[in-house]
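One structure is given here, and the rest of the page talks about it.
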Amino acid sequence: MTRTLAHVPGRVALPARSRFAAALRRGLWWAVLSLTGGVERRGRLPRGGCVVVANHSSHADTAALLAALDARHTPAIGAAADYWFASPWRRRICRRLAAGFPVRRSGGGMDDLLSMADELRSGRAVVLFPEGTRGKDGELGSFHRGALVLAERAGVPVVPVGIAGTDRLLPKHGRLRSALVRVSIGDPLPSTTGPQEARDAVVALHARTVAEPLRDSATRRRVASVVTSRRGIPLAFGWALAEALSWPLMPELLLAAVCVAVPRAALRMSLGALAGSLAGGLLALQLASAGVHLPAPLTTDRMRAQVRAELALEGASAVRHQPWNGIPFKVYGAEAGRAGVPALDWLTASATARGSRTLTVGLSFAAFGLLMRRHRRQYGRCLVLLGGGFAAGLSLIVNGWG
């Protein structure tokens with residue numbers, strides 16, 4: 001009898017407004033998790049209502065499920081009433097951002113769960129963490145019966161889900177850090193499933209998801225090994241210093257390659273490149289003021305004439321044009337030295353100009369790397385595209401200033 005309740009021909013459909021709100025929540029959490037390391041899903045929910053049971057090790061589990069589950073099921077998350085509904089602001093956050101409903105943990109919890117039976121019969125997915133609290137060290141505790149009683153009462157299947165990566169993303173009593181989150185949706189279990197059977201299914205999904213290796217690129221791994229070693233920052237510093245003197249390849253090319261490969265290294269690599277640019281620019285100014293002419297490949301007389309005109313009008317602050325006009329930084333450094341620009345003025349102005357460009361490029365490519373984390377195996381192709389785009393852009397700039 002309970003089984004047929006889920007398939008009554010005249011059942012109430014989920015309101016379009018609820019599905020739209022669920023789609024907005026899914027988009028929000030997908031975007032957030034994409035910026036913190038990415039989220040990927042295996043499997044899909046069955047048609048119609050279902051009770052989703054999942055392992056629970058982090059507050060980020062809710063975000064992972066809302067990002068991964070179909071919006072057409074308008075997932076509702078069971079949340080501890082004594083925590084998430086203990087204050088007005090938490091209650092608003094839980095309801096609006098997580099479609100949460102309160103479940104009491106000390107008396108009355110079963111009534112709270114059974115109040116969702118009609119929602120299930122209308123096709124909604126109710127998400128519950130049967131452990132009742134966040135686990136430790138990836139171990140799953142025993143499952144309470146509430147989720148299974150609700151599924152049996154509503155006549156809907158139980159769907160086991162394994163979540164991996166959230167314990168690294170947001171550990172219990174820890175701070176947020178970058179991590180890929182993976183959600184594996186298992187095959188539906190009958191509404192008469194017992195707690196141990198449901199727990200075993202979730203344990204198996206979780207273990208399989210954790211053990212599944214991330215597909216990666218050998219090239220990316222080699223780049224990452226250099227960037228995360230003691231050679232990383234000296235490499236960024238040396239490249240940028242050389243470019244400020246004579247080297248034709250701008251440090252942004254290096255930053256693009258390494259920040260996509262290792263997003264977490266973006267800030268320190270960008271700061272290393274900025275320090276190298278400033279040191280190289282100051283050295284270029286001193287050498288030019290002493291009459292030393294360094295080679296400047298891929299630059300033109302028109303570039304130098306433009307920089308001389310800007311320096312004559314604006315002094316050291318003329319370097320503010322450099323991030324946008326395509327003229328290499330080394331041209332500004334050398335011409336500033338020949339124009340007798342004071343070293344301190346030059347250092348201050350170039351720190352602002354180069355800092356804005358270098359940090360923007362590094363952090364932007366780091367964000368791209370996080371978004372593309374699940375496609376790490378394509379890193380080699382990404383390098384080819386970066387190199388091709390850089391070569392094309394450089395050719396256009398040089399020809400434009402020819």
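Each chain of the structure tokens is named A, B, ... in the order shown, its residues numbered from 1; ligands are numbered from 1 in display order.
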
* List every residue of segment 64-96 of chain A that DSSP, applied to the backbone, labels as helix (DSSP H, G or I), and write the result as a ChimeraX atom specification. => /A:64-68,71-73,81-84,88-96

* To do: Might you pull out every residue within 7 Å of Ala99 of chain A, with only C-alpha atoms counted and same-chain residues fewer than 5 positions away left off, and present them as JSON, numbers by chain?
  => {"A": [76, 77, 94]}

* Excluding same-chain residues fewer than 6 positions from Pro75 of chain A, what lies within 7 Å of it counting only C-alpha atoms, as a list in words? -> Arg124, Ala125, Val126 and Val127 of chain A

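Minimum distance to Val398 of chain A across A:Ala151, A:Leu298, A:Val161, A:Leu241 (counting only C-alpha atoms) occurs at A:Leu298.
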
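Residue nearest Gly162 of chain A, chosen from A:Val181, A:Ala22, A:Ala316, A:Ala288 and counting only C-alpha atoms: A:Val181.
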
* To do: In Å, rounded to a single decimal, give me how far atom CA of Leu274 of chain A is from atom CA of Gly238 of chain A.
  => 10.4 Å

* Asked: A:Leu114, A:Met250, A:Ala336, A:Leu189: which is nearest Ala154 of chain A, counting only C-alpha atoms?
  -> A:Leu114

* To do: Give the strand (DSSP E) residues of segment 109-293 of chain A, as DSSP finds them on the backbone, and put them as an MDAnalysis selection string.
  => chainID A and resid 125:128 158:164 181:185

Contacts of segment 87-205 of chain A with segment 213-235 of chain A up to 12 Å, shortest pair per row, only C-alpha atoms, as a Markdown table:
| residue | atom | partner | partner_atom | distance |
| --- | --- | --- | --- | --- |
| A:Ala164 | CA | A:Pro213 | CA | 12.0 |
| A:Gly165 | CA | A:Leu214 | CA | 11.8 |
| A:Ala179 | CA | A:Leu214 | CA | 11.9 |
| A:Leu180 | CA | A:Leu214 | CA | 9.5 |
| A:Val181 | CA | A:Leu214 | CA | 11.2 |
| A:Arg182 | CA | A:Leu214 | CA | 10.4 |

File of the preceding selection, N, CA, C and O atoms, as a PDB file, in the first residue's frame:
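Result went into selection33.pdb, see below:
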ATOM      1  N   ALA A 164      33.007  12.560  -1.287  1.00  0.00           N
ATOM      2  CA  ALA A 164      34.446  12.566  -0.996  1.00  0.00           C
ATOM      3  C   ALA A 164      35.013  13.947  -1.268  1.00  0.00           C
ATOM      4  O   ALA A 164      34.599  14.627  -2.205  1.00  0.00           O
ATOM      5  N   GLY A 165      35.952  14.364  -0.446  1.00  0.00           N
ATOM      6  CA  GLY A 165      36.647  15.630  -0.665  1.00  0.00           C
ATOM      7  C   GLY A 165      36.206  16.749   0.240  1.00  0.00           C
ATOM      8  O   GLY A 165      36.953  17.712   0.453  1.00  0.00           O
ATOM      9  N   ALA A 179      39.926  22.020  -2.588  1.00  0.00           N
ATOM     10  CA  ALA A 179      39.821  20.566  -2.744  1.00  0.00           C
ATOM     11  C   ALA A 179      38.735  20.252  -3.770  1.00  0.00           C
ATOM     12  O   ALA A 179      37.728  20.957  -3.857  1.00  0.00           O
ATOM     13  N   LEU A 180      38.951  19.199  -4.537  1.00  0.00           N
ATOM     14  CA  LEU A 180      37.936  18.712  -5.466  1.00  0.00           C
ATOM     15  C   LEU A 180      36.926  17.868  -4.694  1.00  0.00           C
ATOM     16  O   LEU A 180      37.301  16.986  -3.920  1.00  0.00           O
ATOM     17  N   VAL A 181      35.652  18.140  -4.907  1.00  0.00           N
ATOM     18  CA  VAL A 181      34.578  17.389  -4.264  1.00  0.00           C
ATOM     19  C   VAL A 181      33.942  16.460  -5.289  1.00  0.00           C
ATOM     20  O   VAL A 181      33.646  16.881  -6.408  1.00  0.00           O
ATOM     21  N   ARG A 182      33.750  15.197  -4.892  1.00  0.00           N
ATOM     22  CA  ARG A 182      33.130  14.220  -5.791  1.00  0.00           C
ATOM     23  C   ARG A 182      31.913  13.588  -5.110  1.00  0.00           C
ATOM     24  O   ARG A 182      31.985  13.202  -3.944  1.00  0.00           O
TER      25      ARG A 182
END

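Using only C-alpha atoms, the nearest neighbour of Pro15 of chain A within the list A:Gly48, A:Gly400, A:Gly109, A:Gly123 is A:Gly123.
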
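Nearest residue to Leu33 of chain A among A:Arg381, A:Lys330, A:Arg72, A:Arg373 is A:Arg373, counting only C-alpha atoms.
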